[in-house]
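Colleague: Below you will find the structure I want to go over with you.
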Amino acid sequence: GRSRPRHGFLAAWTRTTRSCSRSSPMLPSWGLPVLITTAAVAAYLGLQRALRWRRARRLARLSADEASVEILNEMYQLEMPFIITKAAEFALFRTFGVPTISKLLDSTKGFEPDNVLSRYEDTTLLIQHFAYFDVRSNQHAAAALARFNQIHGFYADRISNDDMLYTLSQFMLEPARFCARFGWRAFTPHEREACFNYWRVLGERMGIRQIPTTVDELDAWNRAYEARAMRYSVTNQRVAEGSVLLFIKPYPRCVQPLLRRVIYALLDDRLTDAIGAPRQPAWLKGLVR
């Protein structure tokens, strides 16, 4: 005959459900297992619903100014770490659609195939230090920001304040935008304000001038800047291509063309045209979004 489980969880589950089924003659043989499984799933979903907003409620009680770094750390590392990491990558990628920015980046040779990985890792390491720790009180964060400013100081005569402000605004705005589109929840207004407040402090310490005073003002400025400054150039295309190759390189060659299309499907038409990428069909955009 067919072998039956004798040991372990499966055997115990089988004996329990059979015993309960015999004691409950009104249920079919499969009814009790389904009932128990349904109850377990419902209990899990209820517990998840009760607990998943616990951190958001706690963060809402913190100051969006004095505790801005703590709020950012909770969001970036615990609440939605994967989505926000991708948002930060996308924030930087979006700046490649501006010719004045991409021209400078292209001139550094940092986005050529042999150099793009080390440049990405170095930039990420510096940003993580002063984004995850308070530059107002942590010496390592302050040192990372000083190094960041030193590097940009070599190009001070070639970087406009608007380009610096636009790049800063991407890190202030894109995490909330990305989470609203792809996360399990959107940022609350309080969390958006905390993100804005701390990156504004960083911007001031980078010497960036004329930073808007509210999130909504910054969002309006960001969109107006893109409307007038984001347009196609060959340097946009070269710098963006270096980053796309970096994103897809770790995966098998057979899936890289598909991953490239997925990346392009995440882009709006203005950025797509600005980096010279092909527009993707509506069905693919709908699928990835």
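Residue names in the structure tokens use chain letters A, B, ... in the order shown, residue numbers from 1 in each chain, and ligand numbers from 1 in the order shown.
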Among the residues of range 152-218 of chain A, find those DSSP assigns to alpha helix (DSSP H) from the backbone and print them as a ChimeraX atom specification.

Modeller: /A:152-153,161-182,189-205,215-218

Colleague: Write the residues of the selection above to a file with C-alpha atoms, as an mmCIF file, in the first residue's frame.

Modeller:
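Printed below is again17.cif as written:
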```cif
data_model
loop_
_atom_site.group_PDB
_atom_site.id
_atom_site.type_symbol
_atom_site.label_atom_id
_atom_site.label_comp_id
_atom_site.auth_asym_id
_atom_site.auth_seq_id
_atom_site.Cartn_x
_atom_site.Cartn_y
_atom_site.Cartn_z
ATOM 1 C CA HIS A 152 33.132 68.203 -5.627
ATOM 2 C CA GLY A 153 35.379 71.164 -4.879
ATOM 3 C CA ASN A 161 24.021 75.726 -8.009
ATOM 4 C CA ASP A 162 20.887 74.593 -9.862
ATOM 5 C CA ASP A 163 22.525 71.297 -10.837
ATOM 6 C CA MET A 164 23.651 70.707 -7.250
ATOM 7 C CA LEU A 165 20.193 71.601 -5.939
ATOM 8 C CA TYR A 166 18.522 69.307 -8.454
ATOM 9 C CA THR A 167 20.737 66.362 -7.449
ATOM 10 C CA LEU A 168 20.035 67.066 -3.779
ATOM 11 C CA SER A 169 16.307 67.309 -4.467
ATOM 12 C CA GLN A 170 16.319 63.838 -6.004
ATOM 13 C CA PHE A 171 17.538 62.313 -2.743
ATOM 14 C CA MET A 172 15.008 64.380 -0.814
ATOM 15 C CA LEU A 173 12.009 63.472 -2.990
ATOM 16 C CA GLU A 174 12.584 60.190 -4.821
ATOM 17 C CA PRO A 175 12.371 57.803 -1.824
ATOM 18 C CA ALA A 176 8.845 59.018 -1.032
ATOM 19 C CA ARG A 177 7.836 58.931 -4.713
ATOM 20 C CA PHE A 178 9.221 55.418 -5.154
ATOM 21 C CA CYS A 179 7.527 54.078 -2.044
ATOM 22 C CA ALA A 180 4.217 55.580 -3.136
ATOM 23 C CA ARG A 181 4.518 53.637 -6.410
ATOM 24 C CA PHE A 182 6.160 50.379 -5.322
ATOM 25 C CA PRO A 189 3.601 63.685 5.558
ATOM 26 C CA HIS A 190 5.587 63.595 8.817
ATOM 27 C CA GLU A 191 8.161 61.209 7.311
ATOM 28 C CA ARG A 192 8.434 63.290 4.133
ATOM 29 C CA GLU A 193 9.099 66.349 6.277
ATOM 30 C CA ALA A 194 11.794 64.517 8.275
ATOM 31 C CA CYS A 195 13.515 63.402 5.063
ATOM 32 C CA PHE A 196 13.358 66.952 3.726
ATOM 33 C CA ASN A 197 14.678 68.482 6.958
ATOM 34 C CA TYR A 198 17.781 66.337 7.223
ATOM 35 C CA TRP A 199 18.752 66.502 3.550
ATOM 36 C CA ARG A 200 18.265 70.266 3.768
ATOM 37 C CA VAL A 201 20.872 70.333 6.550
ATOM 38 C CA LEU A 202 23.202 68.315 4.325
ATOM 39 C CA GLY A 203 22.555 70.648 1.400
ATOM 40 C CA GLU A 204 23.421 73.703 3.469
ATOM 41 C CA ARG A 205 26.662 72.030 4.583
ATOM 42 C CA VAL A 215 8.680 69.845 0.640
ATOM 43 C CA ASP A 216 5.938 71.078 -1.676
ATOM 44 C CA GLU A 217 8.016 74.059 -2.822
ATOM 45 C CA LEU A 218 10.958 71.753 -3.510
#
```

Colleague: Please provide the set of residues having any atom within 10 Å of His129 in chain A, restricted to only C-alpha atoms, with same-chain residues fewer than 2 positions apart removed, written as a list in words.

Modeller: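 The contact residues come out as Thr124, Leu125, Leu126, Ile127, Ala131, Tyr132, Phe133, Asp134, Val135, Asn138, His140, Ala141, Ala142, Ala143, Ala144 and Leu145 of chain A.
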
Colleague: Would you mind reading off the distance between CA of Ala56 in chain A and CA of Ala40 in chain A, one decimal, in Å?

Modeller: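 Those two atoms sit 25.8 Å apart.
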
Colleague: Which of these, A:Gln280, A:Glu74, A:Thr37, A:Arg223, has the shortest distance to Arg54 in chain A once you count only C-alpha atoms?

Modeller: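 Comparing A:Gln280, A:Glu74, A:Thr37, A:Arg223 against Arg54 in chain A, the winner is A:Glu74.
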